[in-house]
Amino acid sequence: AEKAKQPLHFEQLDVSQQFAMEDLMRRRKTELVVHFSGNAYVGESVDRPDDYFQNITVSTVALLRAMESASVSRLIFSSSCATFGSPDEFPITETTPQRPTNPYGMAKLQAEQAIIQHLNARKRKGMPFSAALLRYFNVIGADPQTRIGPHLRHSANKRYPRI
């Protein structure tokens, strides 16, 4: 924003609110969406799977619809290596089968699949759309005082050291 000599603009919205997101993109003349929203705790996803499918998969579909309506054709999506589950071989590559073992990984994979199908549909219609799906591992542990991120309290995280 500073380099472009424009003020930073912040609005708090729920990504799953398709029409509000569409309105925002139109008003701000959005050219690119970077989609980082979503829950990110594997253990919690096992306890509350509906929250993960709603906040990751459903919100991504709503965002894709809003983007199309607002004529935004570029997306960067923050996915996860949790989509690979427990792979048989390492290193993990783009050809490694995606077999998630928990709701978090499943929701991320479903969101990826929705993006790919959206891209393919746009391509068939001769309409522009490009997407980058970023998959990475989250670092294990966090600071109990939350200075560098949330302290993971779920029982599944007790096996891992805290930073």
# chains A, B, ... in the order shown; residues from 1 in each chain; ligands from 1
>>> residues_around(residues="stretch 73-76 of chain A", least_positions_apart="5", cutoff="7 Å", atoms="only C-alpha atoms", output="number ranges by chain")
A: 31-35, 67, 128-133
>>> write_last_selection(atoms="N, CA and C atoms", output="mmCIF file, in the first residue's frame")
data_model
loop_
_atom_site.group_PDB
_atom_site.id
_atom_site.type_symbol
_atom_site.label_atom_id
_atom_site.label_comp_id
_atom_site.auth_asym_id
_atom_site.auth_seq_id
_atom_site.Cartn_x
_atom_site.Cartn_y
_atom_site.Cartn_z
ATOM 1 N N GLU A 31 -7.761 -7.316 -7.896
ATOM 2 C CA GLU A 31 -7.159 -7.996 -9.044
ATOM 3 C C GLU A 31 -6.708 -9.413 -8.708
ATOM 4 N N LEU A 32 -6.449 -9.671 -7.435
ATOM 5 C CA LEU A 32 -5.909 -10.955 -6.998
ATOM 6 C C LEU A 32 -6.394 -11.237 -5.585
ATOM 7 N N VAL A 33 -6.775 -12.480 -5.335
ATOM 8 C CA VAL A 33 -7.186 -12.896 -3.993
ATOM 9 C C VAL A 33 -6.141 -13.864 -3.451
ATOM 10 N N VAL A 34 -5.699 -13.609 -2.219
ATOM 11 C CA VAL A 34 -4.832 -14.539 -1.492
ATOM 12 C C VAL A 34 -5.687 -15.082 -0.359
ATOM 13 N N HIS A 35 -6.035 -16.363 -0.448
ATOM 14 C CA HIS A 35 -6.994 -16.986 0.480
ATOM 15 C C HIS A 35 -6.234 -17.774 1.551
ATOM 16 N N MET A 67 -15.640 -14.240 -6.605
ATOM 17 C CA MET A 67 -14.594 -13.814 -7.539
ATOM 18 C C MET A 67 -15.118 -13.781 -8.967
ATOM 19 N N PRO A 128 -10.632 -16.316 -18.515
ATOM 20 C CA PRO A 128 -9.364 -16.392 -17.777
ATOM 21 C C PRO A 128 -9.572 -16.765 -16.308
ATOM 22 N N PHE A 129 -8.681 -17.565 -15.811
ATOM 23 C CA PHE A 129 -8.599 -17.863 -14.374
ATOM 24 C C PHE A 129 -7.284 -18.571 -14.129
ATOM 25 N N SER A 130 -6.583 -18.148 -13.100
ATOM 26 C CA SER A 130 -5.346 -18.835 -12.720
ATOM 27 C C SER A 130 -5.341 -18.988 -11.204
ATOM 28 N N ALA A 131 -4.714 -20.072 -10.762
ATOM 29 C CA ALA A 131 -4.674 -20.351 -9.325
ATOM 30 C C ALA A 131 -3.356 -21.005 -8.971
ATOM 31 N N ALA A 132 -2.852 -20.653 -7.810
ATOM 32 C CA ALA A 132 -1.682 -21.313 -7.227
ATOM 33 C C ALA A 132 -2.143 -21.944 -5.924
ATOM 34 N N LEU A 133 -1.851 -23.233 -5.765
ATOM 35 C CA LEU A 133 -2.217 -23.952 -4.543
ATOM 36 C C LEU A 133 -0.935 -24.191 -3.755
#
>>> select_by_dssp(residues="stretch 1-150 of chain A", states="helix (DSSP H, G or I)", output="MDAnalysis selection string")
chainID A and resid 18:28 42:47 49:69 81:84 103:124
>>> closest_atom_pairs(of="stretch 20-73 of chain A", to="stretch 80-89 of chain A", cutoff="12 Å", atoms="only C-alpha atoms", output="tab-separated table")
residue	atom	partner	partner_atom	distance
A:Phe36	CA	A:Ser80	CA	10.8
A:Gly38	CA	A:Ser80	CA	11.1
A:Asn39	CA	A:Ser80	CA	11.3
A:Ala40	CA	A:Ser80	CA	9.0
A:Tyr41	CA	A:Ala82	CA	10.3
A:Val42	CA	A:Ala82	CA	8.4
A:Gly43	CA	A:Ala82	CA	11.9
A:Ser45	CA	A:Ala82	CA	11.8
A:Ile56	CA	A:Ser80	CA	11.4
>>> write_last_selection(atoms="N, CA and C atoms", output="PDB file, in the first residue's frame")
ATOM      1  N   PHE A  36      -6.035 -17.131   2.710  1.00  0.00           N
ATOM      2  CA  PHE A  36      -5.354 -17.762   3.844  1.00  0.00           C
ATOM      3  C   PHE A  36      -6.313 -18.127   4.964  1.00  0.00           C
ATOM      4  N   GLY A  38      -9.113 -19.910   7.328  1.00  0.00           N
ATOM      5  CA  GLY A  38      -9.448 -21.296   7.617  1.00  0.00           C
ATOM      6  C   GLY A  38      -8.887 -21.745   8.949  1.00  0.00           C
ATOM      7  N   ASN A  39      -9.454 -22.780   9.476  1.00  0.00           N
ATOM      8  CA  ASN A  39      -8.945 -23.381  10.706  1.00  0.00           C
ATOM      9  C   ASN A  39      -7.721 -24.218  10.354  1.00  0.00           C
ATOM     10  N   ALA A  40      -6.850 -24.480  11.342  1.00  0.00           N
ATOM     11  CA  ALA A  40      -5.600 -25.160  10.997  1.00  0.00           C
ATOM     12  C   ALA A  40      -5.121 -26.170  12.030  1.00  0.00           C
ATOM     13  N   TYR A  41      -6.016 -26.780  12.773  1.00  0.00           N
ATOM     14  CA  TYR A  41      -5.581 -27.723  13.799  1.00  0.00           C
ATOM     15  C   TYR A  41      -6.159 -29.108  13.541  1.00  0.00           C
ATOM     16  N   VAL A  42      -5.286 -30.040  13.223  1.00  0.00           N
ATOM     17  CA  VAL A  42      -5.708 -31.393  12.889  1.00  0.00           C
ATOM     18  C   VAL A  42      -6.516 -32.009  14.023  1.00  0.00           C
ATOM     19  N   GLY A  43      -6.007 -31.949  15.243  1.00  0.00           N
ATOM     20  CA  GLY A  43      -6.709 -32.551  16.380  1.00  0.00           C
ATOM     21  C   GLY A  43      -8.088 -31.970  16.575  1.00  0.00           C
ATOM     22  N   SER A  45      -9.905 -30.632  14.329  1.00  0.00           N
ATOM     23  CA  SER A  45     -10.765 -31.003  13.203  1.00  0.00           C
ATOM     24  C   SER A  45     -11.442 -32.349  13.428  1.00  0.00           C
ATOM     25  N   ILE A  56     -13.426 -24.083   5.601  1.00  0.00           N
ATOM     26  CA  ILE A  56     -12.420 -24.269   4.551  1.00  0.00           C
ATOM     27  C   ILE A  56     -13.090 -24.547   3.206  1.00  0.00           C
TER      28      ILE A  56
END
>>> atom_distance(atom1="atom CA of A:Ser79", atom2="atom CA of A:Tyr136")
7.2 Å
>>> atom_distance(atom1="atom CA of A:Ala66", atom2="atom CA of A:Arg27")
12.6 Å
>>> closest_residue(among="A:Phe77, A:Val46, A:Ser69, A:Val58", to="A:Thr101", atoms="only C-alpha atoms")
A:Val46
>>> closest_residue(among="A:Asn102, A:Ser78, A:Asn120, A:Gln110", to="A:Arg48", atoms="only C-alpha atoms")
A:Asn102
>>> closest_residue(among="A:Val61, A:Leu119, A:Ala107, A:Ala70", to="A:Met25", atoms="only C-alpha atoms")
A:Ala70
>>> decode(residues="stretch 26-68 of chain A", atoms="C-alpha atoms", output="mmCIF file, in the first residue's frame")
data_model
loop_
_atom_site.group_PDB
_atom_site.id
_atom_site.type_symbol
_atom_site.label_atom_id
_atom_site.label_comp_id
_atom_site.auth_asym_id
_atom_site.auth_seq_id
_atom_site.Cartn_x
_atom_site.Cartn_y
_atom_site.Cartn_z
ATOM 1 C CA ARG A 26 -16.014 -4.733 -6.822
ATOM 2 C CA ARG A 27 -15.610 -1.662 -4.587
ATOM 3 C CA ARG A 28 -11.870 -2.201 -4.077
ATOM 4 C CA LYS A 29 -11.258 -3.208 -7.719
ATOM 5 C CA THR A 30 -9.562 -6.404 -6.567
ATOM 6 C CA GLU A 31 -7.159 -7.996 -9.044
ATOM 7 C CA LEU A 32 -5.909 -10.955 -6.998
ATOM 8 C CA VAL A 33 -7.186 -12.896 -3.993
ATOM 9 C CA VAL A 34 -4.832 -14.539 -1.492
ATOM 10 C CA HIS A 35 -6.994 -16.986 0.480
ATOM 11 C CA PHE A 36 -5.354 -17.762 3.844
ATOM 12 C CA SER A 37 -8.487 -18.052 5.956
ATOM 13 C CA GLY A 38 -9.448 -21.296 7.617
ATOM 14 C CA ASN A 39 -8.945 -23.381 10.706
ATOM 15 C CA ALA A 40 -5.600 -25.160 10.997
ATOM 16 C CA TYR A 41 -5.581 -27.723 13.799
ATOM 17 C CA VAL A 42 -5.708 -31.393 12.889
ATOM 18 C CA GLY A 43 -6.709 -32.551 16.380
ATOM 19 C CA GLU A 44 -9.486 -30.007 16.656
ATOM 20 C CA SER A 45 -10.765 -31.003 13.203
ATOM 21 C CA VAL A 46 -11.399 -34.530 14.488
ATOM 22 C CA ASP A 47 -13.519 -33.127 17.332
ATOM 23 C CA ARG A 48 -15.302 -30.489 15.226
ATOM 24 C CA PRO A 49 -15.247 -31.646 11.576
ATOM 25 C CA ASP A 50 -18.295 -29.605 10.528
ATOM 26 C CA ASP A 51 -16.508 -26.375 11.453
ATOM 27 C CA TYR A 52 -13.574 -27.328 9.241
ATOM 28 C CA PHE A 53 -15.655 -28.257 6.200
ATOM 29 C CA GLN A 54 -17.676 -25.048 6.586
ATOM 30 C CA ASN A 55 -14.726 -22.733 7.155
ATOM 31 C CA ILE A 56 -12.420 -24.269 4.551
ATOM 32 C CA THR A 57 -14.400 -26.035 1.813
ATOM 33 C CA VAL A 58 -17.696 -24.147 1.817
ATOM 34 C CA SER A 59 -16.051 -20.734 2.233
ATOM 35 C CA THR A 60 -13.709 -21.457 -0.688
ATOM 36 C CA VAL A 61 -16.651 -22.259 -2.974
ATOM 37 C CA ALA A 62 -18.389 -19.042 -1.875
ATOM 38 C CA LEU A 63 -15.190 -17.107 -2.544
ATOM 39 C CA LEU A 64 -14.855 -18.621 -6.039
ATOM 40 C CA ARG A 65 -18.426 -17.574 -6.825
ATOM 41 C CA ALA A 66 -17.802 -14.066 -5.514
ATOM 42 C CA MET A 67 -14.594 -13.814 -7.539
ATOM 43 C CA GLU A 68 -16.368 -14.863 -10.724
#
